[in-house]
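Content type mmCIF, C-alpha atoms, from the file query_28.cif:
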data_input
#
loop_
_atom_site.group_PDB
_atom_site.id
_atom_site.type_symbol
_atom_site.label_atom_id
_atom_site.label_comp_id
_atom_site.auth_asym_id
_atom_site.auth_seq_id
_atom_site.Cartn_x
_atom_site.Cartn_y
_atom_site.Cartn_z
ATOM 1 C CA MET A 1 -1.172 33.173 -36.417
ATOM 2 C CA THR A 2 -0.233 36.789 -36.931
ATOM 3 C CA ILE A 3 0.939 38.718 -39.927
ATOM 4 C CA LEU A 4 4.005 40.508 -38.592
ATOM 5 C CA GLY A 5 5.747 37.654 -36.805
ATOM 6 C CA ALA A 6 9.012 35.989 -37.568
ATOM 7 C CA GLY A 7 9.302 32.276 -38.088
ATOM 8 C CA ARG A 8 9.740 29.714 -35.377
ATOM 9 C CA GLY A 9 12.914 29.314 -33.428
ATOM 10 C CA ARG A 10 14.116 32.909 -33.536
ATOM 11 C CA ARG A 11 13.906 33.807 -29.879
ATOM 12 C CA GLY A 12 17.674 33.608 -29.617
ATOM 13 C CA HIS A 13 18.431 36.096 -32.405
ATOM 14 C CA PRO A 14 18.244 39.608 -30.897
ATOM 15 C CA ILE A 15 20.164 41.232 -33.767
ATOM 16 C CA ARG A 16 17.803 39.738 -36.321
ATOM 17 C CA HIS A 17 14.838 40.843 -34.215
ATOM 18 C CA ARG A 18 16.117 44.417 -34.143
ATOM 19 C CA LEU A 19 16.727 44.428 -37.901
ATOM 20 C CA GLU A 20 13.229 43.119 -38.547
ATOM 21 C CA TYR A 21 11.769 45.770 -36.286
ATOM 22 C CA VAL A 22 13.750 48.556 -37.963
ATOM 23 C CA MET A 23 12.584 47.351 -41.369
ATOM 24 C CA VAL A 24 8.941 47.377 -40.258
ATOM 25 C CA MET A 25 9.335 50.864 -38.781
ATOM 26 C CA LEU A 26 10.841 52.149 -42.032
ATOM 27 C CA ILE A 27 7.901 50.718 -43.968
ATOM 28 C CA ARG A 28 5.519 52.270 -41.447
ATOM 29 C CA GLY A 29 7.125 55.670 -42.032
ATOM 30 C CA ALA A 30 6.752 55.289 -45.801
ATOM 31 C CA VAL A 31 3.113 54.244 -45.468
ATOM 32 C CA ARG A 32 2.416 57.346 -43.411
ATOM 33 C CA VAL A 33 3.566 59.814 -46.064
ATOM 34 C CA PHE A 34 2.793 58.043 -49.344
ATOM 35 C CA PRO A 35 -0.588 58.392 -51.118
ATOM 36 C CA HIS A 36 -2.927 55.467 -50.609
ATOM 37 C CA ARG A 37 -2.582 54.261 -54.213
ATOM 38 C CA TRP A 38 1.139 53.907 -53.594
ATOM 39 C CA VAL A 39 0.459 51.965 -50.401
ATOM 40 C CA ILE A 40 -1.696 49.533 -52.375
ATOM 41 C CA ARG A 41 1.095 49.058 -54.907
ATOM 42 C CA MET A 42 3.611 48.574 -52.121
ATOM 43 C CA GLY A 43 1.355 45.976 -50.549
ATOM 44 C CA ASP A 44 0.993 44.186 -53.874
ATOM 45 C CA THR A 45 4.765 44.186 -54.302
ATOM 46 C CA LEU A 46 5.306 42.888 -50.773
ATOM 47 C CA GLY A 47 2.808 40.096 -51.409
ATOM 48 C CA ARG A 48 4.476 39.160 -54.671
ATOM 49 C CA LEU A 49 7.821 38.993 -52.889
ATOM 50 C CA PHE A 50 6.307 36.676 -50.266
ATOM 51 C CA HIS A 51 4.940 34.532 -53.076
ATOM 52 C CA CYS A 52 8.216 34.472 -54.978
ATOM 53 C CA PHE A 53 10.642 33.708 -52.154
ATOM 54 C CA ASP A 54 8.594 31.668 -49.663
ATOM 55 C CA ARG A 55 8.459 28.445 -51.633
ATOM 56 C CA ARG A 56 7.389 26.283 -48.676
ATOM 57 C CA ARG A 57 4.264 28.308 -47.955
ATOM 58 C CA ARG A 58 3.548 28.741 -51.663
ATOM 59 C CA VAL A 59 3.558 24.970 -52.150
ATOM 60 C CA THR A 60 1.392 24.464 -49.055
ATOM 61 C CA ALA A 61 -1.089 27.084 -50.242
ATOM 62 C CA LEU A 62 -1.396 25.577 -53.714
ATOM 63 C CA ALA A 63 -1.963 22.082 -52.313
ATOM 64 C CA ASN A 64 -4.654 23.426 -49.979
ATOM 65 C CA VAL A 65 -6.429 25.341 -52.744
ATOM 66 C CA LYS A 66 -6.405 22.364 -55.114
ATOM 67 C CA ALA A 67 -7.852 20.111 -52.411
ATOM 68 C CA ALA A 68 -10.528 22.674 -51.516
ATOM 69 C CA PHE A 69 -11.531 23.352 -55.130
ATOM 70 C CA PRO A 70 -10.942 20.081 -57.013
ATOM 71 C CA MET A 71 -13.034 21.234 -59.983
ATOM 72 C CA ARG A 72 -10.916 24.325 -60.609
ATOM 73 C CA SER A 73 -8.069 24.349 -63.095
ATOM 74 C CA ASP A 74 -4.419 24.625 -62.172
ATOM 75 C CA VAL A 75 -4.389 28.179 -63.577
ATOM 76 C CA GLU A 76 -7.350 29.168 -61.401
ATOM 77 C CA CYS A 77 -5.823 27.628 -58.288
ATOM 78 C CA ARG A 78 -2.508 29.395 -58.836
ATOM 79 C CA ALA A 79 -4.365 32.688 -59.301
ATOM 80 C CA ILE A 80 -6.086 32.191 -55.931
ATOM 81 C CA VAL A 81 -2.724 31.537 -54.277
ATOM 82 C CA ARG A 82 -1.197 34.674 -55.799
ATOM 83 C CA GLY A 83 -4.232 36.639 -54.661
ATOM 84 C CA ALA A 84 -3.862 35.292 -51.130
ATOM 85 C CA PHE A 85 -0.222 36.400 -50.971
ATOM 86 C CA THR A 86 -1.144 39.798 -52.401
ATOM 87 C CA ASN A 87 -3.907 40.209 -49.833
ATOM 88 C CA LEU A 88 -1.433 39.368 -47.077
ATOM 89 C CA GLY A 89 0.979 42.024 -48.327
ATOM 90 C CA ARG A 90 -1.795 44.608 -48.457
ATOM 91 C CA HIS A 91 -2.970 43.584 -45.008
ATOM 92 C CA VAL A 92 0.443 44.202 -43.490
ATOM 93 C CA LEU A 93 0.743 47.678 -45.001
ATOM 94 C CA HIS A 94 -2.859 48.658 -44.289
ATOM 95 C CA LEU A 95 -2.365 47.642 -40.675
ATOM 96 C CA LEU A 96 0.719 49.867 -40.463
ATOM 97 C CA ARG A 97 -1.282 52.624 -42.152
ATOM 98 C CA PHE A 98 -4.017 52.362 -39.513
ATOM 99 C CA ASP A 99 -1.334 52.639 -36.846
ATOM 100 C CA THR A 100 -0.480 56.139 -38.113
ATOM 101 C CA MET A 101 -4.105 57.354 -37.851
ATOM 102 C CA GLY A 102 -6.227 58.639 -35.039
ATOM 103 C CA VAL A 103 -9.301 56.599 -34.168
ATOM 104 C CA GLU A 104 -11.721 59.082 -35.761
ATOM 105 C CA GLN A 105 -9.750 59.159 -38.995
ATOM 106 C CA MET A 106 -9.529 55.376 -38.996
ATOM 107 C CA MET A 107 -13.282 54.996 -38.593
ATOM 108 C CA THR A 108 -14.020 57.220 -41.595
ATOM 109 C CA LEU A 109 -12.618 54.375 -43.734
ATOM 110 C CA VAL A 110 -14.859 51.660 -42.284
ATOM 111 C CA GLU A 111 -18.487 50.920 -43.051
ATOM 112 C CA PHE A 112 -20.652 48.433 -41.189
ATOM 113 C CA GLU A 113 -23.197 45.861 -42.260
ATOM 114 C CA GLY A 114 -25.330 43.918 -39.777
ATOM 115 C CA GLU A 115 -24.313 46.125 -36.857
ATOM 116 C CA GLU A 116 -27.885 46.001 -35.556
ATOM 117 C CA ARG A 117 -27.243 42.376 -34.591
ATOM 118 C CA VAL A 118 -24.470 43.480 -32.266
ATOM 119 C CA GLU A 119 -26.506 46.381 -30.913
ATOM 120 C CA GLN A 120 -29.462 44.135 -30.103
ATOM 121 C CA SER A 121 -27.280 41.674 -28.238
ATOM 122 C CA LEU A 122 -25.455 44.362 -26.291
ATOM 123 C CA ALA A 123 -28.702 46.178 -25.475
ATOM 124 C CA SER A 124 -29.874 43.089 -23.606
ATOM 125 C CA GLY A 125 -26.953 43.527 -21.231
ATOM 126 C CA GLN A 126 -25.311 40.238 -22.117
ATOM 127 C CA ALA A 127 -21.857 39.574 -23.405
ATOM 128 C CA VAL A 128 -21.258 38.407 -26.965
ATOM 129 C CA MET A 129 -18.786 35.944 -28.441
ATOM 130 C CA TYR A 130 -17.380 36.834 -31.855
ATOM 131 C CA PHE A 131 -15.438 34.581 -34.151
ATOM 132 C CA ALA A 132 -13.448 35.120 -37.305
ATOM 133 C CA GLY A 133 -10.720 33.426 -39.263
ATOM 134 C CA HIS A 134 -7.516 34.539 -40.935
ATOM 135 C CA PHE A 135 -9.669 36.010 -43.643
ATOM 136 C CA GLY A 136 -9.866 39.474 -45.178
ATOM 137 C CA PHE A 137 -8.359 42.142 -42.925
ATOM 138 C CA TRP A 138 -8.701 40.322 -39.628
ATOM 139 C CA GLU A 139 -6.285 42.473 -37.616
ATOM 140 C CA LEU A 140 -8.058 45.685 -38.665
ATOM 141 C CA GLN A 141 -11.424 44.357 -37.569
ATOM 142 C CA ILE A 142 -10.179 44.033 -33.997
ATOM 143 C CA MET A 143 -9.533 47.779 -33.839
ATOM 144 C CA ALA A 144 -12.607 48.814 -35.823
ATOM 145 C CA HIS A 145 -14.954 46.713 -33.706
ATOM 146 C CA ALA A 146 -13.610 48.075 -30.434
ATOM 147 C CA ALA A 147 -13.875 51.655 -31.692
ATOM 148 C CA ARG A 148 -17.471 51.175 -32.903
ATOM 149 C CA PHE A 149 -18.911 49.036 -30.127
ATOM 150 C CA GLU A 150 -16.806 47.896 -27.197
ATOM 151 C CA PRO A 151 -13.381 46.436 -26.480
ATOM 152 C CA ILE A 152 -13.165 42.658 -26.399
ATOM 153 C CA LEU A 153 -11.090 40.021 -24.677
ATOM 154 C CA MET A 154 -8.952 37.991 -27.036
ATOM 155 C CA VAL A 155 -6.175 35.437 -26.929
ATOM 156 C CA ALA A 156 -3.276 35.572 -29.361
ATOM 157 C CA ARG A 157 -0.012 33.776 -29.950
ATOM 158 C CA THR A 158 3.126 35.556 -28.784
ATOM 159 C CA LEU A 159 5.428 36.522 -31.638
ATOM 160 C CA ASP A 160 8.990 35.243 -31.634
ATOM 161 C CA ASN A 161 10.242 38.799 -32.151
ATOM 162 C CA PRO A 162 9.646 40.695 -28.875
ATOM 163 C CA PHE A 163 9.887 44.099 -30.563
ATOM 164 C CA LEU A 164 7.211 43.242 -33.109
ATOM 165 C CA GLU A 165 5.177 41.581 -30.359
ATOM 166 C CA ALA A 166 5.121 44.849 -28.396
ATOM 167 C CA MET A 167 4.160 46.776 -31.521
ATOM 168 C CA ILE A 168 1.272 44.550 -32.531
ATOM 169 C CA GLU A 169 -0.032 44.385 -28.961
ATOM 170 C CA ARG A 170 -0.082 48.174 -28.942
ATOM 171 C CA LEU A 171 -2.005 48.132 -32.226
ATOM 172 C CA ARG A 172 -4.575 45.727 -30.831
ATOM 173 C CA THR A 173 -4.995 47.479 -27.500
ATOM 174 C CA ARG A 174 -4.951 51.135 -28.572
ATOM 175 C CA VAL A 175 -8.771 51.222 -28.499
ATOM 176 C CA GLY A 176 -9.129 49.191 -25.323
ATOM 177 C CA THR A 177 -9.011 45.587 -26.551
ATOM 178 C CA ARG A 178 -7.433 43.299 -23.952
ATOM 179 C CA VAL A 179 -5.066 40.580 -25.127
ATOM 180 C CA ILE A 180 -4.561 37.817 -22.580
ATOM 181 C CA SER A 181 -1.959 35.083 -22.479
ATOM 182 C CA ARG A 182 -2.757 31.481 -23.328
ATOM 183 C CA LYS A 183 -2.002 30.209 -19.813
ATOM 184 C CA GLY A 184 -5.255 30.092 -17.886
ATOM 185 C CA ALA A 185 -7.042 31.784 -20.771
ATOM 186 C CA VAL A 186 -10.228 29.706 -20.681
ATOM 187 C CA ARG A 187 -11.048 30.527 -17.079
ATOM 188 C CA ARG A 188 -10.332 34.214 -17.687
ATOM 189 C CA LEU A 189 -12.519 34.244 -20.786
ATOM 190 C CA LEU A 190 -15.376 32.540 -18.962
ATOM 191 C CA ARG A 191 -15.066 34.956 -16.074
ATOM 192 C CA GLY A 192 -15.104 37.832 -18.556
ATOM 193 C CA LEU A 193 -18.307 36.538 -20.141
ATOM 194 C CA TYR A 194 -19.966 36.284 -16.733
ATOM 195 C CA GLU A 195 -18.891 39.894 -16.141
ATOM 196 C CA HIS A 196 -20.532 40.926 -19.462
ATOM 197 C CA GLN A 197 -17.258 41.380 -21.326
ATOM 198 C CA SER A 198 -17.373 40.191 -24.914
ATOM 199 C CA VAL A 199 -14.813 37.729 -26.291
ATOM 200 C CA GLY A 200 -13.280 37.198 -29.721
ATOM 201 C CA LEU A 201 -11.622 34.013 -31.003
ATOM 202 C CA MET A 202 -10.233 32.641 -34.264
ATOM 203 C CA ILE A 203 -11.512 29.245 -35.380
ATOM 204 C CA ASP A 204 -9.422 28.315 -38.415
ATOM 205 C CA GLN A 205 -6.180 26.978 -37.000
ATOM 206 C CA HIS A 206 -5.095 23.402 -36.469
ATOM 207 C CA ILE A 207 -5.576 22.567 -32.785
ATOM 208 C CA GLN A 208 -3.827 19.851 -30.780
ATOM 209 C CA ASP A 209 -5.113 20.457 -27.249
ATOM 210 C CA ARG A 210 -8.023 19.006 -25.312
ATOM 211 C CA SER A 211 -10.498 21.461 -26.794
ATOM 212 C CA ALA A 212 -10.021 19.940 -30.259
ATOM 213 C CA VAL A 213 -12.933 18.424 -32.145
ATOM 214 C CA THR A 214 -12.934 17.222 -35.722
ATOM 215 C CA VAL A 215 -15.270 19.050 -38.087
ATOM 216 C CA LYS A 216 -15.573 19.224 -41.855
ATOM 217 C CA PHE A 217 -13.950 22.221 -43.530
ATOM 218 C CA PHE A 218 -14.123 22.114 -47.329
ATOM 219 C CA ASN A 219 -15.294 18.506 -47.055
ATOM 220 C CA ARG A 220 -12.107 17.486 -45.255
ATOM 221 C CA PRO A 221 -11.679 16.679 -41.547
ATOM 222 C CA ALA A 222 -10.061 19.541 -39.646
ATOM 223 C CA SER A 223 -9.072 19.629 -35.986
ATOM 224 C CA THR A 224 -10.719 22.760 -34.582
ATOM 225 C CA THR A 225 -11.069 24.391 -31.190
ATOM 226 C CA SER A 226 -14.441 23.859 -29.522
ATOM 227 C CA THR A 227 -13.692 26.518 -26.913
ATOM 228 C CA ILE A 228 -15.976 29.129 -28.439
ATOM 229 C CA ALA A 229 -18.870 26.648 -28.510
ATOM 230 C CA VAL A 230 -18.349 25.368 -24.970
ATOM 231 C CA LEU A 231 -17.959 28.846 -23.471
ATOM 232 C CA ALA A 232 -20.987 30.238 -25.320
ATOM 233 C CA MET A 233 -23.216 27.414 -24.164
ATOM 234 C CA ARG A 234 -21.929 27.561 -20.600
ATOM 235 C CA ALA A 235 -22.320 31.349 -20.298
ATOM 236 C CA GLY A 236 -25.539 31.473 -22.347
ATOM 237 C CA VAL A 237 -24.281 34.109 -24.797
ATOM 238 C CA PRO A 238 -24.738 34.453 -28.566
ATOM 239 C CA ILE A 239 -21.994 33.792 -31.117
ATOM 240 C CA ILE A 240 -21.750 36.354 -33.927
ATOM 241 C CA PRO A 241 -19.473 35.829 -36.957
ATOM 242 C CA VAL A 242 -17.579 38.914 -38.126
ATOM 243 C CA PHE A 243 -15.557 39.528 -41.283
ATOM 244 C CA ALA A 244 -13.662 42.545 -42.649
ATOM 245 C CA LEU A 245 -13.637 42.888 -46.432
ATOM 246 C CA PRO A 246 -11.501 45.299 -48.492
ATOM 247 C CA LEU A 247 -13.319 47.851 -50.642
ATOM 248 C CA ALA A 248 -12.151 50.218 -53.367
ATOM 249 C CA GLY A 249 -10.391 53.410 -52.370
ATOM 250 C CA GLY A 250 -8.748 52.017 -49.258
ATOM 251 C CA ARG A 251 -12.025 51.445 -47.446
ATOM 252 C CA TYR A 252 -13.262 48.403 -45.532
ATOM 253 C CA ARG A 253 -16.588 46.766 -44.743
ATOM 254 C CA MET A 254 -17.223 45.049 -41.428
ATOM 255 C CA ILE A 255 -19.937 42.401 -41.796
ATOM 256 C CA TYR A 256 -21.716 40.921 -38.795
ATOM 257 C CA GLU A 257 -23.642 37.791 -39.686
ATOM 258 C CA ALA A 258 -26.689 36.500 -37.800
ATOM 259 C CA PRO A 259 -25.906 34.765 -34.492
ATOM 260 C CA ILE A 260 -25.203 31.067 -34.896
ATOM 261 C CA GLU A 261 -28.145 28.854 -33.953
ATOM 262 C CA GLN A 262 -27.109 26.886 -30.900
ATOM 263 C CA PRO A 263 -28.052 23.218 -30.453
ATOM 264 C CA ASP A 264 -29.879 21.781 -27.478
ATOM 265 C CA PRO A 265 -27.288 21.801 -24.656
ATOM 266 C CA ASP A 266 -28.400 18.271 -23.791
ATOM 267 C CA HIS A 267 -27.336 17.061 -27.233
ATOM 268 C CA PRO A 268 -24.591 14.475 -26.650
ATOM 269 C CA ASP A 269 -22.304 16.176 -29.167
ATOM 270 C CA ALA A 270 -23.454 19.789 -28.788
ATOM 271 C CA ALA A 271 -19.956 21.322 -28.798
ATOM 272 C CA ARG A 272 -19.019 19.627 -32.048
ATOM 273 C CA VAL A 273 -22.343 20.534 -33.682
ATOM 274 C CA LEU A 274 -21.959 24.198 -32.755
ATOM 275 C CA THR A 275 -18.305 24.266 -33.829
ATOM 276 C CA GLN A 276 -19.336 22.814 -37.187
ATOM 277 C CA ARG A 277 -22.002 25.494 -37.634
ATOM 278 C CA CYS A 278 -19.424 28.215 -36.967
ATOM 279 C CA THR A 279 -16.979 26.584 -39.379
ATOM 280 C CA ASP A 280 -19.675 26.399 -42.058
ATOM 281 C CA VAL A 281 -20.118 30.191 -41.967
ATOM 282 C CA LEU A 282 -16.376 30.759 -42.327
ATOM 283 C CA GLU A 283 -16.266 28.305 -45.222
ATOM 284 C CA MET A 284 -19.115 30.167 -46.927
ATOM 285 C CA TYR A 285 -17.038 33.365 -46.919
ATOM 286 C CA VAL A 286 -13.852 31.631 -48.046
ATOM 287 C CA ARG A 287 -15.734 30.085 -50.969
ATOM 288 C CA ARG A 288 -17.053 33.523 -51.945
ATOM 289 C CA TYR A 289 -13.676 35.246 -51.663
ATOM 290 C CA PRO A 290 -11.008 32.513 -51.727
ATOM 291 C CA GLU A 291 -8.159 34.968 -52.309
ATOM 292 C CA LEU A 292 -8.872 36.576 -48.919
ATOM 293 C CA TRP A 293 -8.094 33.507 -46.798
ATOM 294 C CA LEU A 294 -4.660 32.538 -45.502
ATOM 295 C CA TRP A 295 -4.104 29.292 -47.396
ATOM 296 C CA MET A 296 -0.422 29.157 -46.440
ATOM 297 C CA HIS A 297 -0.744 27.244 -43.175
ATOM 298 C CA ARG A 298 -1.232 23.499 -42.701
ATOM 299 C CA ARG A 299 -4.880 23.552 -41.711
ATOM 300 C CA TRP A 300 -5.747 19.908 -42.399
ATOM 301 C CA ARG A 301 -3.650 17.657 -40.150
ATOM 302 C CA VAL A 302 -6.248 15.524 -38.416
ATOM 303 C CA ALA A 303 -4.133 12.373 -38.741
ATOM 304 C CA ASP A 304 -1.660 14.012 -36.348
ATOM 305 C CA VAL A 305 -4.192 14.467 -33.549
ATOM 306 C CA PRO A 306 -6.535 11.973 -31.861
ATOM 307 C CA ASP A 307 -10.052 13.359 -31.559
ATOM 308 C CA ARG A 308 -10.910 13.998 -27.910
ATOM 309 C CA SER A 309 -13.992 15.029 -26.031
ATOM 310 C CA PRO A 310 -13.791 18.804 -25.497
ATOM 311 C CA ASP A 311 -12.451 19.822 -22.114
ATOM 312 C CA PRO A 312 -12.057 23.620 -22.156
ATOM 313 C CA GLU A 313 -10.762 23.705 -18.596
ATOM 314 C CA ARG A 314 -7.569 22.077 -19.836
ATOM 315 C CA SER A 315 -7.270 23.590 -23.296
ATOM 316 C CA ASP A 316 -4.670 25.843 -24.864
ATOM 317 C CA ILE A 317 -6.250 28.538 -27.006
ATOM 318 C CA THR A 318 -4.419 29.775 -30.068
#
Take the structure in the file and give it back as structure tokens.
Amino acid sequence: MTILGAGRGRRGHPIRHRLEYVMVMLIRGAVRVFPHRWVIRMGDTLGRLFHCFDRRRRVTALANVKAAFPMRSDVECRAIVRGAFTNLGRHVLHLLRFDTMGVEQMMTLVEFEGEERVEQSLASGQAVMYFAGHFGFWELQIMAHAARFEPILMVARTLDNPFLEAMIERLRTRVGTRVISRKGAVRRLLRGLYEHQSVGLMIDQHIQDRSAVTVKFFNRPASTTSTIAVLAMRAGVPIIPVFALPLAGGRYRMIYEAPIEQPDPDHPDAARVLTQRCTDVLEMYVRRYPELWLWMHRRWRVADVPDRSPDPERSDIT
């Protein structure tokens, strides 16, 4: 999932695609010249508009929040949902703001915590696998990480709007990050790891392919990709969680958590165990800052998908 994409089924609407692109470019121009406090207000307004007019996602988000936090009141749950929409609006505008900056200027706004964990892993000469979720400022962390350490390989969905797709790919790759297509992605990622190229994946989307395993996320079964676990164990590389949090004054903090402890590779369910451990770290952050997670998508749909043994050679990564 991305934050600048159009909805499904719009590939046949070139006029709409152009209008959407023009609108985004106009907003980008405004973000470039307005003071940061205005950008924050614009982001808040954009988020409130999303919340007001996108009833389907608003209803989905509220149902998800209530299921995740059954002890919280309706008022508290609705406040989390509004905060999630506001964070999304800010994320969009902050991403466009970063696009107007040089790399050095961009990095003056980012501080790092736990970077020694990355440095230690890279100093050993091995690749690293990173995972995140649609949490905080996830698109910004792709650029900040590459500028601070090294570019990564990543897989991302293609947007329906080809103009916005080209723009966001440029944003992601401006500091060297390589975005690869889903077709044949697993083999390319594994080859990259063997060649000491680090890899980044998202682990919080509903998965329907052969890599899917069922883990608990907020005490509910969730179909989740096991690709990161299988690749890490096969290549013998560490998995480091990374999260980007907003700070006051338009600044951001990149947090690198300790590498995930990996189970015995001979464990009969090692991929599921490791996937659960990764999911547990993401859940810990979402519980701390629930307004920073993207509650709007249908994450819990296990009944739709039979649980399969992970087979990354035949998986589709999202």
Within 12 Å of range 176-188 of chain A, which residues of range 229-269 of chain A show up? Give each one with its shortest atom-to-atom distance in Å (one decimal) and the two atoms involved, counting all atoms listed in the file, rows by chain then rising residue number, as a Markdown table.
| residue | atom | partner | partner_atom | distance |
| --- | --- | --- | --- | --- |
| A:Val230 | CA | A:Val186 | CA | 10.2 |
| A:Leu231 | CA | A:Val186 | CA | 8.3 |
| A:Ala232 | CA | A:Val186 | CA | 11.7 |
| A:Arg234 | CA | A:Arg187 | CA | 11.8 |
| A:Ala235 | CA | A:Arg187 | CA | 11.8 |
Taking into account all atoms listed in the file, which residue in the set A:Arg117, A:Val155, A:Phe163, A:Ala271 is nearest to Ser211 in chain A?
-> A:Ala271
Find the residues of range 85-199 of chain A that sit at most 10 Å from range 258-263 of chain A; for each, write down the nearest two atoms and how far apart they are in Å, to one decimal. Count all atoms listed in the file. Sort by chain, then by number going up, and give it as CSV.
residue,atom,partner,partner_atom,distance
A:Gly114,CA,A:Ala258,CA,7.8
A:Glu115,CA,A:Ala258,CA,10.0
A:Glu116,CA,A:Ala258,CA,9.8
A:Arg117,CA,A:Ala258,CA,6.7
A:Val118,CA,A:Pro259,CA,9.1
A:Ser121,CA,A:Pro259,CA,9.4
A:Val128,CA,A:Pro259,CA,9.6
A:Met129,CA,A:Pro259,CA,9.4
A:Tyr130,CA,A:Pro259,CA,9.2
Expansion of the PyMOL selection byres ((chain A and resi 146-154) around 8) into residues, as a list in words =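 The output of the PyMOL selection byres ((chain A and resi 146-154) around 8) on this file is Val103, Met107, Ile142, Met143, Ala144, His145, Val155, Ala156, Val175, Gly176, Thr177, Arg178, Val179, Ile180, Leu189, Gly192, Gln197, Ser198, Val199, Gly200 and Leu201 of chain A.
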Answer as a list in words, residues within 10 Å of (-2.2, 36.1, -51.9) using all atoms listed in the file |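 Output of the proximity query reads Asp44, Gly47, Arg48, Phe50, His51, Arg58, Ala61, Arg78, Ala79, Ile80, Val81, Arg82, Gly83, Ala84, Phe85, Thr86, Asn87, Leu88, Gly89, Arg90, Pro290, Glu291, Leu292, Trp293, Leu294, Trp295 and Met296 of chain A.
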Explicit residue set for the PyMOL selection byres ((chain A and resi 97-99) around 8), as a PyMOL selection string | chain A and resi 28+31-32+93-96+100-102+106+140+171
Nearby residues (only C-alpha atoms) at most 8 Å from Gln276 in chain A, same-chain spacing under 3 positions excluded, as a ChimeraX atom specification | /A:215-216,272-273,279-280
Can you list, as a PDB file with C-alpha atoms, in the coordinates of the input, every protein, DNA or RNA residue that comes within 9 Å of Thr214 in chain A when you count all atoms listed in the file, leaving out same-chain residues fewer than 4 positions away?
ATOM      1  CA  PRO A 221     -11.679  16.679 -41.547  1.00  0.00           C
ATOM      2  CA  ALA A 222     -10.061  19.541 -39.646  1.00  0.00           C
ATOM      3  CA  SER A 223      -9.072  19.629 -35.986  1.00  0.00           C
ATOM      4  CA  THR A 224     -10.719  22.760 -34.582  1.00  0.00           C
ATOM      5  CA  THR A 225     -11.069  24.391 -31.190  1.00  0.00           C
ATOM      6  CA  ARG A 272     -19.019  19.627 -32.048  1.00  0.00           C
ATOM      7  CA  GLN A 276     -19.336  22.814 -37.187  1.00  0.00           C
ATOM      8  CA  VAL A 302      -6.248  15.524 -38.416  1.00  0.00           C
ATOM      9  CA  ASP A 307     -10.052  13.359 -31.559  1.00  0.00           C
ATOM     10  CA  ARG A 308     -10.910  13.998 -27.910  1.00  0.00           C
TER      11      ARG A 308
END
Pairwise distance, CA of Asp209 in chain A with CA of Leu282 in chain A, equals 21.5 Å
Length of the CA of Arg277 in chain A to CA of Asp204 in chain A vector [Å] |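 Rounded to one decimal, the two atoms are 12.9 Å apart.
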For CA of Arg299 in chain A and CA of Phe69 in chain A, determine how far apart the two atoms are, in Å to one decimal place.
->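 Separation of CA of Arg299 in chain A and CA of Phe69 in chain A: 15.0 Å.
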Shortest interatomic distance to Phe217 in chain A - which of A:Met284, A:Ile255, A:His267, A:Glu195, counting all atoms listed in the file =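 Among the listed residues, A:Met284 lies closest to Phe217 in chain A.
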For range 138-220 of chain A versus range 17-27 of chain A, which residues have an atom no more than 12 Å away, and what is each residue's nearest atom pair and distance in Å rounded to one decimal, using all atoms listed in the file, chain-then-number order, as JSON lines?
{"residue": "A:Leu159", "atom": "CA", "partner": "A:His17", "partner_atom": "CA", "distance": 10.7}
{"residue": "A:Asp160", "atom": "CA", "partner": "A:His17", "partner_atom": "CA", "distance": 8.5}
{"residue": "A:Asn161", "atom": "CA", "partner": "A:His17", "partner_atom": "CA", "distance": 5.4}
{"residue": "A:Pro162", "atom": "CA", "partner": "A:His17", "partner_atom": "CA", "distance": 7.4}
{"residue": "A:Phe163", "atom": "CA", "partner": "A:Tyr21", "partner_atom": "CA", "distance": 6.3}
{"residue": "A:Leu164", "atom": "CA", "partner": "A:Tyr21", "partner_atom": "CA", "distance": 6.1}
{"residue": "A:Glu165", "atom": "CA", "partner": "A:Tyr21", "partner_atom": "CA", "distance": 9.8}
{"residue": "A:Ala166", "atom": "CA", "partner": "A:Tyr21", "partner_atom": "CA", "distance": 10.4}
{"residue": "A:Met167", "atom": "CA", "partner": "A:Tyr21", "partner_atom": "CA", "distance": 9.0}
{"residue": "A:Ile168", "atom": "CA", "partner": "A:Tyr21", "partner_atom": "CA", "distance": 11.2}
Between A:Tyr289, A:Phe131, A:Phe218, A:Phe137, single out the one closest to Gly250 in chain A, counting only C-alpha atoms.
->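 That would be A:Phe137, the residue with the smallest distance to Gly250 in chain A.
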Return as a ChimeraX atom specification the set of residues that the PyMOL selection byres ((chain A and resi 244) around 6) yields on the displayed structure.
-> /A:136-137,141,243,245,253-254
Using all atoms listed in the file, find the one residue out of A:Val110, A:Val237, A:Leu49, A:Leu190 that sits nearest to Arg251 in chain A.
-> A:Val110
Between A:Gly249, A:Pro14, A:Pro268, A:Pro70, which one has atoms that come closest to Trp38 in chain A, using all atoms listed in the file?
->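 Of A:Gly249, A:Pro14, A:Pro268, A:Pro70, the one nearest Trp38 in chain A is A:Gly249, counting all atoms listed in the file.
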